[in-house]
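Input: a single structure, listed below in structure tokens.
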Amino acid sequence: MGALDRKLFRDLWRIKGQALAIAMVIGCGIATLVMSLGTLESLEQTRAAYYERYRFADVFANLKRAPQRLAAKIEAIPGVRQVETRIVKDVTLDIEGLDAPASGRLISMPDHGSPALNNVYLRQGRLLAGGRSNAVLVSEPFAEAHGYHPGDTITASLNGRKRALEIVGIVLSPEYIYSIKAGDMVPDNKHYGIIWMKRQSLAAAYGLEGAFNDIALTLSRDAKVDDVLAQIDKLTAPFGGVGAYGRKDQISHAFLNNEMHGLESTGAVVPPIFLGVAAFLLNMVILRIIETERGQIGLLKAFGYTNWDVGAHYLKFVMIVTIVGVTLGCIGGAWMGRGLTEMYTEFFKFPFLYYQLDTALFAIAIIVSLVAAFLGTIGALRKAIVLPPAEAMQPSPPPVYRKASFGFSKLFTGFSQPVRMIIRHVTRWPIKSFFTSLGISASVAILVVAFFLEGSIDRLIEIQFDETARQDVAVVFEGAHPRSALAELEKMPGVLKVEPMRSVPARFRFDQKHRRVALSGRLPEGEINRLLDTSLTPMVLPQEGLVISSKLGQMLGAKLGDRIAVEILEGRRPTLTLTVAGIVEEYIGYSAYMNIDALDKVLGDQATVTGGYLLIDPVQEKNLYQELKNTPGIAGVSLRSTVLGSFKKTMAENMLIMITFYIIFATMIAVGVVYNTARISLSERGRELASLRVLGFTRLEVSSILLGELALLTAFALPLGCFLGYGLAWLTVSAFDTELFRLPLWLTAQTYGKAMLIVAFSAVVSGLIVRHQVDRFDLVAVLKMRE
């Protein structure tokens, strides 16, 4: 080990606290990068393997009833590789011990062998082959929610008749990784389950022998998806087809993609903040070391060390601190990523887990960190390289203080001498002071985002459940019914009010863009289920025209006054040209609405409904639930209380982890910046502060000068951090804006207040640590230092 290397490690040990603080800031950024991208890669690998092993389909289509021979025609479409026909029915479940009616989706399985596509993974029990006609398989999340095991029974209403179904196996499916009922926002495994039944038994229950109402297929690599979808729609239209769709629009796959998009956004937004702060801290530390070691630099150059030898010496300092931070970050990120991946595996119910971090990810982390550190300190390193030996042997010239203008100095005449010293020192180096405050403000901004996420979810819940979907119960019928069917709902016990709804499958086309979405008919001035305009005030549906959500308008490129082609995918299947008469704001999915009377008119139908929204008397809810269980023709029942509870539980679990990470990481930034700033200021002003002690100033008065500077910089950083936090929150909203889910930009005084309190507390703790060092000053040693 050469002389410079021994000096290097002595210097590192001397400022080990500062070096560790910087390394921890770097480690936080790298840990976030490795955790997010490592988890993303693991989930992608796990999902790809799961899809491949259990033959997840590429295209899906639903219809009313088609003969089995249609499958051969679909299989003959160019690009189609394999076809699987099925029977799929939504049913009402009567579960012992559960007052509210539950919903289930019954899916047929071949009477012999396994499905060619969308096969299941057996967790417990056995498969259906050779079993009785009432034997079924149930999804594991649903089974766990009720404590079901093979041998238990559940009661389902099949085509108006109640049947006891015997559970023989508990399974997982790639088609229902995210098992969510249409219209819900998050899974509700207690009230919704997936059930598989022998095809012969299911066909007999619904009179579908020799027929099917659902189809799944895979495509060849060179297939043109849009062309295949168009051909399938053409073939299935005479049989009540409601539009084929690709894997990207399959609800489970889409929600999983949404989660992965969130991880990708986290990995792209957060790490640059930490690395930028770390680069600034390294620059401050290296600049101070070079200033205090001017004489040593001059001696080294005088004894033959080249400029590049000296520059490399200080560059090694930067690289060692950076590598320590990267190492801590990689280890911490791998550990957190493993835990996060296991959490996702449990949440999504993958049958297995692939967690193998790619070495390329670590290489990227190392390269990005080293480049950021080098760019952040290149100015300081250049100063050491170009410093002439003769100049370096002399002390650096003292700072030049000039008398302020009369107006400026008059502002501070009422302050004490220590306060004027604080202001003078901060304003003497405005750029350094600004970047110090900027570093502290970065921690405020991250905390603002953390608490913004919490507040934004609360605001989303308020909009969705208190201002929009205010119904206690939503009932969906099996198919369309005359509006007089609502009278039966009104007669049920505890029902106070009913509003009609009609949902029609449709494809919207505008300017060469298209989206498949249900067209919903509502009352123009609905009170139970309302629509909100872009200013979040209740909207009255116009007598004519179309109202679309802002997200659907963004996806189609349509705005108020534009005319959109709407292809109805049921009944006579007309193509309508409708004018956009209104825009509504929604944060879940995307939708289109019409006045229900106008919808009936343009479709040429009598008053028709597919369900209703109910307000009920809580005292009678048990009686109502029992009545709904016994009523034939009901495909599903959704309860506001259970949907809200599931949403809060899911969001609370996810947000708690994210907010905890942000608070820990932001606190480390605040401590790192404040502590390093205080230590550097202490080393720069040690002689000055020691002189004040000799002149009779108390320890408290001397430390208050140093800590006063930190307090002033922190006070400036807090509002700046709030401003930056707003911008970062806006960036977060943009990054997490997907077709399925969006966040309202909602920040309150409480959001900013909590962020500022945490940073202020962190600054106080850091200041007290440095104050302890001020109290232990060796006055004689400090005053012997050469100026």
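Lettering and numbering for the structure tokens are positional, with chains as A, B, ... in the shown order, residues counted from 1 in each chain, and ligands counted from 1 in the shown order.
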Handout entry: Contacts of range 100-111 of chain A within 9 Å, only C-alpha atoms, excl. fewer than 6 positions in-chain, as a ChimeraX atom specification
Key = /A:86-94,128-130,156,181,190-203,621-622,624-626,628-629,635-639
Problem - Test item: residues at most 8 Å from Leu229 in chain A, only C-alpha atoms, excluding those fewer than 2 positions along its chain, as a list in words - result: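 Skipping anything fewer than 2 positions along the chain leaves Val59, Val225, Asp226, Asp227, Gln231, Ile232, Asp233, Gly243, Ala244, Tyr245 and Gly246 of chain A.
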Would you put the residues from that selection into a file with all heavy atoms, as an mmCIF file, in the first residue's frame?
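Dumped everything to result00.cif:
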data_model
loop_
_atom_site.group_PDB
_atom_site.id
_atom_site.type_symbol
_atom_site.label_atom_id
_atom_site.label_comp_id
_atom_site.auth_asym_id
_atom_site.auth_seq_id
_atom_site.Cartn_x
_atom_site.Cartn_y
_atom_site.Cartn_z
ATOM 1 N N VAL A 59 -56.211 -14.814 -26.849
ATOM 2 C CA VAL A 59 -57.426 -14.110 -27.263
ATOM 3 C C VAL A 59 -58.628 -14.766 -26.578
ATOM 4 O O VAL A 59 -58.654 -15.985 -26.380
ATOM 5 C CB VAL A 59 -57.600 -14.152 -28.802
ATOM 6 C CG1 VAL A 59 -58.950 -13.587 -29.219
ATOM 7 C CG2 VAL A 59 -56.477 -13.378 -29.481
ATOM 8 N N VAL A 225 -52.892 -9.579 -34.560
ATOM 9 C CA VAL A 225 -53.942 -9.694 -33.549
ATOM 10 C C VAL A 225 -55.216 -8.993 -33.986
ATOM 11 O O VAL A 225 -56.322 -9.551 -33.879
ATOM 12 C CB VAL A 225 -53.448 -9.140 -32.197
ATOM 13 C CG1 VAL A 225 -54.566 -9.208 -31.155
ATOM 14 C CG2 VAL A 225 -52.240 -9.912 -31.711
ATOM 15 N N ASP A 226 -55.116 -7.767 -34.483
ATOM 16 C CA ASP A 226 -56.319 -7.011 -34.861
ATOM 17 C C ASP A 226 -57.097 -7.722 -35.971
ATOM 18 O O ASP A 226 -58.341 -7.734 -35.954
ATOM 19 C CB ASP A 226 -55.947 -5.601 -35.307
ATOM 20 C CG ASP A 226 -55.498 -4.729 -34.146
ATOM 21 O OD1 ASP A 226 -55.813 -5.082 -32.991
ATOM 22 O OD2 ASP A 226 -54.818 -3.707 -34.391
ATOM 23 N N ASP A 227 -56.379 -8.316 -36.926
ATOM 24 C CA ASP A 227 -57.057 -9.045 -38.007
ATOM 25 C C ASP A 227 -57.779 -10.275 -37.461
ATOM 26 O O ASP A 227 -58.908 -10.589 -37.867
ATOM 27 C CB ASP A 227 -56.042 -9.466 -39.073
ATOM 28 C CG ASP A 227 -55.486 -8.275 -39.839
ATOM 29 O OD1 ASP A 227 -56.092 -7.183 -39.735
ATOM 30 O OD2 ASP A 227 -54.448 -8.428 -40.512
ATOM 31 N N GLN A 231 -61.869 -11.093 -37.498
ATOM 32 C CA GLN A 231 -62.429 -12.327 -38.067
ATOM 33 C C GLN A 231 -63.287 -13.064 -37.044
ATOM 34 O O GLN A 231 -64.357 -13.593 -37.369
ATOM 35 C CB GLN A 231 -61.294 -13.230 -38.549
ATOM 36 C CG GLN A 231 -60.579 -12.736 -39.801
ATOM 37 C CD GLN A 231 -61.477 -12.773 -41.020
ATOM 38 O OE1 GLN A 231 -62.254 -13.704 -41.219
ATOM 39 N NE2 GLN A 231 -61.402 -11.722 -41.841
ATOM 40 N N ILE A 232 -62.838 -13.091 -35.795
ATOM 41 C CA ILE A 232 -63.618 -13.766 -34.748
ATOM 42 C C ILE A 232 -64.942 -13.034 -34.541
ATOM 43 O O ILE A 232 -66.008 -13.668 -34.410
ATOM 44 C CB ILE A 232 -62.816 -13.827 -33.432
ATOM 45 C CG1 ILE A 232 -61.604 -14.749 -33.598
ATOM 46 C CG2 ILE A 232 -63.695 -14.317 -32.285
ATOM 47 C CD1 ILE A 232 -60.675 -14.751 -32.399
ATOM 48 N N ASP A 233 -64.903 -11.699 -34.509
ATOM 49 C CA ASP A 233 -66.133 -10.923 -34.339
ATOM 50 C C ASP A 233 -67.120 -11.212 -35.462
ATOM 51 O O ASP A 233 -68.337 -11.321 -35.230
ATOM 52 C CB ASP A 233 -65.815 -9.432 -34.298
ATOM 53 C CG ASP A 233 -65.164 -9.008 -32.997
ATOM 54 O OD1 ASP A 233 -65.186 -9.803 -32.038
ATOM 55 O OD2 ASP A 233 -64.626 -7.883 -32.931
ATOM 56 N N GLY A 243 -67.780 -9.278 -28.837
ATOM 57 C CA GLY A 243 -66.486 -8.681 -29.157
ATOM 58 C C GLY A 243 -65.318 -9.442 -28.573
ATOM 59 O O GLY A 243 -65.241 -9.630 -27.358
ATOM 60 N N ALA A 244 -64.434 -9.901 -29.446
ATOM 61 C CA ALA A 244 -63.223 -10.585 -28.986
ATOM 62 C C ALA A 244 -62.216 -9.559 -28.487
ATOM 63 O O ALA A 244 -62.226 -8.396 -28.899
ATOM 64 C CB ALA A 244 -62.627 -11.407 -30.128
ATOM 65 N N TYR A 245 -61.344 -9.983 -27.600
ATOM 66 C CA TYR A 245 -60.320 -9.088 -27.069
ATOM 67 C C TYR A 245 -59.041 -9.863 -26.806
ATOM 68 O O TYR A 245 -59.053 -11.082 -26.574
ATOM 69 C CB TYR A 245 -60.803 -8.399 -25.786
ATOM 70 C CG TYR A 245 -61.257 -9.335 -24.699
ATOM 71 C CD1 TYR A 245 -60.393 -9.741 -23.690
ATOM 72 C CD2 TYR A 245 -62.569 -9.805 -24.678
ATOM 73 C CE1 TYR A 245 -60.812 -10.597 -22.687
ATOM 74 C CE2 TYR A 245 -62.999 -10.658 -23.672
ATOM 75 C CZ TYR A 245 -62.127 -11.054 -22.686
ATOM 76 O OH TYR A 245 -62.537 -11.897 -21.695
ATOM 77 N N GLY A 246 -57.932 -9.159 -26.887
ATOM 78 C CA GLY A 246 -56.630 -9.784 -26.704
ATOM 79 C C GLY A 246 -56.231 -9.881 -25.249
ATOM 80 O O GLY A 246 -56.918 -9.382 -24.344
#
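Proximity of A:Phe761, A:Phe350, A:Phe280, A:Tyr590 to Ala711 in chain A, computed with only C-alpha atoms, is greatest for A:Phe761.
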Problem - Given only C-alpha atoms as the counted atoms, nearest of A:Asn676, A:Thr46, A:Thr32, A:Gln296 to Pro271 in chain A - result: A:Thr32
Can you build me a table of range 476-530 of chain A residues sitting at most 10 Å from range 551-573 of chain A, with the closest atom pair per residue and its distance in Å to one decimal, using only C-alpha atoms, sorted by chain and residue number, as a Markdown table?
| residue | atom | partner | partner_atom | distance |
| --- | --- | --- | --- | --- |
| A:Val504 | CA | A:Ile568 | CA | 7.2 |
| A:Pro505 | CA | A:Leu569 | CA | 5.4 |
| A:Ala506 | CA | A:Ile568 | CA | 4.5 |
| A:Arg507 | CA | A:Glu567 | CA | 5.0 |
| A:Phe508 | CA | A:Val566 | CA | 4.7 |
| A:Arg509 | CA | A:Ala565 | CA | 5.1 |
| A:Phe510 | CA | A:Ile564 | CA | 5.4 |
| A:Asp511 | CA | A:Leu556 | CA | 7.4 |
| A:Gln512 | CA | A:Leu556 | CA | 8.5 |
| A:Lys513 | CA | A:Leu556 | CA | 5.6 |
| A:His514 | CA | A:Leu556 | CA | 6.6 |
| A:Arg515 | CA | A:Leu556 | CA | 7.6 |
| A:Arg516 | CA | A:Glu567 | CA | 9.3 |
| A:Val517 | CA | A:Leu552 | CA | 9.2 |
| A:Ala518 | CA | A:Ile568 | CA | 9.2 |
| A:Leu519 | CA | A:Ile568 | CA | 8.6 |
Mind writing the picked residues with all heavy atoms as a short mmCIF file (atom, residue, chain, number, x, y, z; two decimals), in the first residue's frame?
data_model
loop_
_atom_site.label_atom_id
_atom_site.label_comp_id
_atom_site.auth_asym_id
_atom_site.auth_seq_id
_atom_site.Cartn_x
_atom_site.Cartn_y
_atom_site.Cartn_z
N VAL A 504 -74.51 -2.03 -22.08
CA VAL A 504 -74.49 -2.60 -23.43
C VAL A 504 -73.04 -2.70 -23.91
O VAL A 504 -72.33 -1.69 -23.92
CB VAL A 504 -75.30 -1.71 -24.41
CG1 VAL A 504 -75.28 -2.32 -25.81
CG2 VAL A 504 -76.72 -1.54 -23.92
N PRO A 505 -72.57 -3.89 -24.30
CA PRO A 505 -71.20 -3.98 -24.81
C PRO A 505 -71.07 -3.24 -26.13
O PRO A 505 -71.95 -3.31 -27.00
CB PRO A 505 -70.99 -5.50 -25.00
CG PRO A 505 -72.37 -6.06 -25.15
CD PRO A 505 -73.26 -5.19 -24.30
N ALA A 506 -69.98 -2.50 -26.28
CA ALA A 506 -69.82 -1.67 -27.48
C ALA A 506 -68.34 -1.48 -27.78
O ALA A 506 -67.47 -1.69 -26.92
CB ALA A 506 -70.51 -0.33 -27.30
N ARG A 507 -68.08 -1.08 -29.00
CA ARG A 507 -66.73 -0.70 -29.41
C ARG A 507 -66.79 0.73 -29.92
O ARG A 507 -67.58 1.06 -30.81
CB ARG A 507 -66.19 -1.64 -30.48
CG ARG A 507 -64.75 -1.30 -30.90
CD ARG A 507 -64.21 -2.27 -31.94
NE ARG A 507 -63.91 -3.57 -31.36
CZ ARG A 507 -64.60 -4.68 -31.61
NH1 ARG A 507 -65.66 -4.62 -32.42
NH2 ARG A 507 -64.27 -5.82 -31.06
N PHE A 508 -65.95 1.59 -29.37
CA PHE A 508 -65.93 3.02 -29.72
C PHE A 508 -64.77 3.28 -30.68
O PHE A 508 -63.64 2.87 -30.42
CB PHE A 508 -65.75 3.86 -28.45
CG PHE A 508 -66.95 3.83 -27.54
CD1 PHE A 508 -67.28 2.69 -26.83
CD2 PHE A 508 -67.75 4.94 -27.40
CE1 PHE A 508 -68.37 2.65 -25.99
CE2 PHE A 508 -68.86 4.93 -26.57
CZ PHE A 508 -69.18 3.78 -25.87
N ARG A 509 -65.07 3.97 -31.77
CA ARG A 509 -64.05 4.30 -32.77
C ARG A 509 -64.03 5.80 -33.01
O ARG A 509 -65.06 6.43 -33.19
CB ARG A 509 -64.34 3.57 -34.09
CG ARG A 509 -64.26 2.05 -34.01
CD ARG A 509 -64.43 1.41 -35.37
NE ARG A 509 -64.40 -0.04 -35.31
CZ ARG A 509 -63.28 -0.77 -35.32
NH1 ARG A 509 -62.12 -0.17 -35.41
NH2 ARG A 509 -63.35 -2.08 -35.25
N PHE A 510 -62.80 6.33 -33.03
CA PHE A 510 -62.63 7.76 -33.35
C PHE A 510 -61.21 7.98 -33.84
O PHE A 510 -60.24 7.59 -33.19
CB PHE A 510 -62.90 8.63 -32.12
CG PHE A 510 -62.74 10.10 -32.37
CD1 PHE A 510 -63.74 10.81 -33.01
CD2 PHE A 510 -61.58 10.76 -31.99
CE1 PHE A 510 -63.58 12.16 -33.26
CE2 PHE A 510 -61.43 12.11 -32.23
CZ PHE A 510 -62.43 12.82 -32.87
N ASP A 511 -61.10 8.58 -35.01
CA ASP A 511 -59.80 8.97 -35.56
C ASP A 511 -58.82 7.79 -35.57
O ASP A 511 -57.69 7.88 -35.08
CB ASP A 511 -59.23 10.14 -34.74
CG ASP A 511 -58.07 10.81 -35.45
OD1 ASP A 511 -57.98 10.69 -36.69
OD2 ASP A 511 -57.24 11.42 -34.76
N GLN A 512 -59.27 6.65 -36.10
CA GLN A 512 -58.46 5.44 -36.27
C GLN A 512 -58.06 4.79 -34.94
O GLN A 512 -57.20 3.92 -34.92
CB GLN A 512 -57.20 5.73 -37.11
CG GLN A 512 -57.52 6.22 -38.51
CD GLN A 512 -56.28 6.44 -39.35
OE1 GLN A 512 -55.17 6.57 -38.83
NE2 GLN A 512 -56.45 6.49 -40.67
N LYS A 513 -58.66 5.21 -33.87
CA LYS A 513 -58.44 4.57 -32.57
C LYS A 513 -59.73 3.91 -32.13
O LYS A 513 -60.83 4.38 -32.47
CB LYS A 513 -57.99 5.60 -31.52
CG LYS A 513 -56.67 6.27 -31.86
CD LYS A 513 -56.34 7.34 -30.82
CE LYS A 513 -55.06 8.07 -31.18
NZ LYS A 513 -54.75 9.15 -30.21
N HIS A 514 -59.61 2.83 -31.38
CA HIS A 514 -60.82 2.16 -30.92
C HIS A 514 -60.60 1.55 -29.54
O HIS A 514 -59.48 1.19 -29.17
CB HIS A 514 -61.26 1.08 -31.92
CG HIS A 514 -60.25 -0.02 -32.11
ND1 HIS A 514 -60.21 -1.14 -31.30
CD2 HIS A 514 -59.26 -0.18 -33.02
CE1 HIS A 514 -59.23 -1.93 -31.70
NE2 HIS A 514 -58.63 -1.37 -32.74
N ARG A 515 -61.68 1.44 -28.79
CA ARG A 515 -61.66 0.83 -27.46
C ARG A 515 -62.96 0.08 -27.24
O ARG A 515 -64.04 0.54 -27.63
CB ARG A 515 -61.50 1.89 -26.35
CG ARG A 515 -60.09 2.40 -26.16
CD ARG A 515 -59.16 1.32 -25.63
NE ARG A 515 -57.83 1.81 -25.33
CZ ARG A 515 -56.85 1.95 -26.19
NH1 ARG A 515 -57.07 1.66 -27.47
NH2 ARG A 515 -55.66 2.38 -25.81
N ARG A 516 -62.85 -1.08 -26.62
CA ARG A 516 -64.01 -1.89 -26.27
C ARG A 516 -64.41 -1.57 -24.84
O ARG A 516 -63.63 -1.74 -23.91
CB ARG A 516 -63.66 -3.38 -26.41
CG ARG A 516 -64.77 -4.35 -26.12
CD ARG A 516 -64.28 -5.77 -26.41
NE ARG A 516 -65.24 -6.77 -26.03
CZ ARG A 516 -65.27 -7.36 -24.83
NH1 ARG A 516 -64.39 -7.00 -23.91
NH2 ARG A 516 -66.18 -8.28 -24.56
N VAL A 517 -65.63 -1.05 -24.67
CA VAL A 517 -66.08 -0.63 -23.35
C VAL A 517 -67.60 -0.68 -23.32
O VAL A 517 -68.27 -0.53 -24.34
CB VAL A 517 -65.57 0.80 -23.02
CG1 VAL A 517 -66.09 1.80 -24.00
CG2 VAL A 517 -65.94 1.21 -21.61
N ALA A 518 -68.16 -0.94 -22.13
CA ALA A 518 -69.62 -0.99 -21.99
C ALA A 518 -70.20 0.42 -22.04
O ALA A 518 -69.67 1.36 -21.45
CB ALA A 518 -70.00 -1.67 -20.68
N LEU A 519 -71.31 0.57 -22.77
CA LEU A 519 -72.06 1.81 -22.81
C LEU A 519 -73.17 1.69 -21.75
O LEU A 519 -74.02 0.81 -21.84
CB LEU A 519 -72.66 2.04 -24.20
CG LEU A 519 -73.57 3.25 -24.38
CD1 LEU A 519 -72.86 4.54 -24.00
CD2 LEU A 519 -74.07 3.33 -25.82
#
Practice task
Identify all residues of range 472-567 of chain A in helix (DSSP H, G or I) (DSSP on the backbone) and supply them as a PyMOL selection string.
Solution key: chain A and resi 483-490+550-556
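Closest approach to Asp5 in chain A among A:Ile77, A:Gly633, A:Glu259, A:Phe317 is made by A:Phe317 (distances from only C-alpha atoms).
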Problem - Backbone-only DSSP, strand (DSSP E) members of range 287-478 of chain A, as an NGL selection string - result: :A and (473-478)
Those residues you just picked out, can you put them in a file as an mmCIF file, in the first residue's frame with C-alpha atoms?
data_model
loop_
_atom_site.group_PDB
_atom_site.id
_atom_site.type_symbol
_atom_site.label_atom_id
_atom_site.label_comp_id
_atom_site.auth_asym_id
_atom_site.auth_seq_id
_atom_site.Cartn_x
_atom_site.Cartn_y
_atom_site.Cartn_z
ATOM 1 C CA VAL A 473 -76.310 -2.763 -3.113
ATOM 2 C CA ALA A 474 -75.840 -3.175 -6.880
ATOM 3 C CA VAL A 475 -77.786 -6.017 -8.496
ATOM 4 C CA VAL A 476 -76.906 -7.403 -11.936
ATOM 5 C CA PHE A 477 -79.463 -9.514 -13.809
ATOM 6 C CA GLU A 478 -78.789 -12.464 -16.085
#
Problem - Test item: residues at most 10 Å from Gly17 in chain A, only C-alpha atoms, excluding those fewer than 6 positions along its chain, as number ranges by chain - result: A: 23, 672, 675-676, 679
Let's have the selection written as a PDB file, in the first residue's frame, with all heavy atoms.
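Output file result.pdb follows:
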ATOM      1  N   ALA A  23     -22.789   7.438   2.225  1.00  0.00           N
ATOM      2  CA  ALA A  23     -22.962   6.074   1.706  1.00  0.00           C
ATOM      3  C   ALA A  23     -24.394   5.593   1.919  1.00  0.00           C
ATOM      4  O   ALA A  23     -24.962   4.897   1.057  1.00  0.00           O
ATOM      5  CB  ALA A  23     -21.972   5.126   2.377  1.00  0.00           C
ATOM      6  N   GLY A 672     -28.363  13.002   6.549  1.00  0.00           N
ATOM      7  CA  GLY A 672     -27.107  13.066   5.798  1.00  0.00           C
ATOM      8  C   GLY A 672     -26.729  14.477   5.417  1.00  0.00           C
ATOM      9  O   GLY A 672     -25.578  14.900   5.592  1.00  0.00           O
ATOM     10  N   TYR A 675     -26.232  16.721   8.821  1.00  0.00           N
ATOM     11  CA  TYR A 675     -25.043  16.317   9.567  1.00  0.00           C
ATOM     12  C   TYR A 675     -23.768  16.696   8.812  1.00  0.00           C
ATOM     13  O   TYR A 675     -22.821  17.245   9.400  1.00  0.00           O
ATOM     14  CB  TYR A 675     -25.062  14.821   9.830  1.00  0.00           C
ATOM     15  CG  TYR A 675     -23.851  14.307  10.570  1.00  0.00           C
ATOM     16  CD1 TYR A 675     -23.693  14.545  11.929  1.00  0.00           C
ATOM     17  CD2 TYR A 675     -22.854  13.606   9.901  1.00  0.00           C
ATOM     18  CE1 TYR A 675     -22.579  14.093  12.613  1.00  0.00           C
ATOM     19  CE2 TYR A 675     -21.731  13.151  10.569  1.00  0.00           C
ATOM     20  CZ  TYR A 675     -21.599  13.402  11.928  1.00  0.00           C
ATOM     21  OH  TYR A 675     -20.478  12.957  12.596  1.00  0.00           O
ATOM     22  N   ASN A 676     -23.713  16.422   7.514  1.00  0.00           N
ATOM     23  CA  ASN A 676     -22.524  16.764   6.742  1.00  0.00           C
ATOM     24  C   ASN A 676     -22.329  18.278   6.682  1.00  0.00           C
ATOM     25  O   ASN A 676     -21.196  18.763   6.783  1.00  0.00           O
ATOM     26  CB  ASN A 676     -22.632  16.189   5.328  1.00  0.00           C
ATOM     27  CG  ASN A 676     -22.110  14.781   5.237  1.00  0.00           C
ATOM     28  OD1 ASN A 676     -20.904  14.564   5.155  1.00  0.00           O
ATOM     29  ND2 ASN A 676     -23.016  13.815   5.274  1.00  0.00           N
ATOM     30  N   ARG A 679     -20.971  19.368  10.103  1.00  0.00           N
ATOM     31  CA  ARG A 679     -19.582  18.940  10.316  1.00  0.00           C
ATOM     32  C   ARG A 679     -18.627  19.774   9.483  1.00  0.00           C
ATOM     33  O   ARG A 679     -17.547  20.173   9.950  1.00  0.00           O
ATOM     34  CB  ARG A 679     -19.428  17.457   9.959  1.00  0.00           C
ATOM     35  CG  ARG A 679     -20.047  16.503  10.952  1.00  0.00           C
ATOM     36  CD  ARG A 679     -19.244  16.425  12.246  1.00  0.00           C
ATOM     37  NE  ARG A 679     -17.935  15.851  11.993  1.00  0.00           N
ATOM     38  CZ  ARG A 679     -16.799  16.364  12.425  1.00  0.00           C
ATOM     39  NH1 ARG A 679     -16.800  17.492  13.115  1.00  0.00           N
ATOM     40  NH2 ARG A 679     -15.645  15.767  12.175  1.00  0.00           N
TER      41      ARG A 679
END
Practice task
Measuring atom to atom with only C-alpha atoms, identify which of A:Val770, A:Arg424, A:Gln464, A:Ala278 is nearest to Leu375 in chain A.
Solution key: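 Between A:Val770, A:Arg424, A:Gln464, A:Ala278, the residue approaching Leu375 in chain A most closely is A:Ala278.
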Problem - All residues 12 Å or closer to Val25 in chain A, only C-alpha atoms, same chain fewer than 4 positions away omitted, as a VMD selection string - result: chain A and resid 18 to 21 29 to 32 270 to 282 321 to 322 324 to 326 328 to 329 369 373 439 442 to 443 664 to 673 676
Handout entry: Two-atom distance - CA of Ala211 in chain A, CA of Ala143 in chain A (Å)
Key =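 Between CA of Ala211 in chain A and CA of Ala143 in chain A the gap works out to 29.9 Å.
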Handout entry: CA of Ala469 in chain A to CA of Asp188 in chain A, straight-line distance in Å
Key =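 Between these atoms lies a distance of 17.1 Å.
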